[in-house]
Amino acid sequence: MAVDAIDFESDTLHVVQRLKLSRSNAVFAPSKGGKLRDVPLPSPAADALRGT
């Protein structure tokens with residue numbers, strides 16, 4: 001996950017790729033259906049990522 005994918009002001013995570021298994025190897029791939037989405041980031045997770 002890239003740091004710029006996290007919006008700390010609105011506690012949102014911008015999902016642009018996913019981790020999937022390809023022949024038992026983890027690889028990055030576009031998100032399902034090629035859709036970009038924003039998902040809520042729970043406050044405890046946002047705090048942990050901020051380092052507070």
# chains A, B, ... in the order shown; residues from 1 in each chain; ligands from 1
call {"tool": "residues_around", "arguments": {"residues": "A:Ala29", "least_positions_apart": "5", "cutoff": "10 Å", "atoms": "only C-alpha atoms", "output": "list in words"}}
result
Val16, Gln17, Arg18, Leu19, Lys20, Leu21, Ser22 and Gly34 of chain A
call {"tool": "residues_around", "arguments": {"residues": "A:Ala48", "least_positions_apart": "5", "cutoff": "12 Å", "atoms": "only C-alpha atoms", "output": "count of residues only"}}
result
5
call {"tool": "atom_distance", "arguments": {"atom1": "atom CA of A:Pro30", "atom2": "atom CA of A:Leu13"}}
result
15.4 Å
call {"tool": "select_by_dssp", "arguments": {"residues": "chain A", "states": "alpha helix (DSSP H)", "output": "PyMOL selection string"}}
result
chain A and resi 43-50
call {"tool": "select_by_dssp", "arguments": {"residues": "chain A", "states": "strand (DSSP E or B)", "output": "list in words"}}
result
Ile6, Asp7, Thr12, Leu13, His14, Val15, Gln17, Arg18, Leu19, Lys20, Leu21, Ser22, Asn25, Ala26, Val27, Phe28, Ala29, Pro30, Arg37, Asp38, Val39 and Pro40 of chain A
call {"tool": "atom_distance", "arguments": {"atom1": "atom CA of A:Phe28", "atom2": "atom CA of A:Asp47"}}
result
25.5 Å
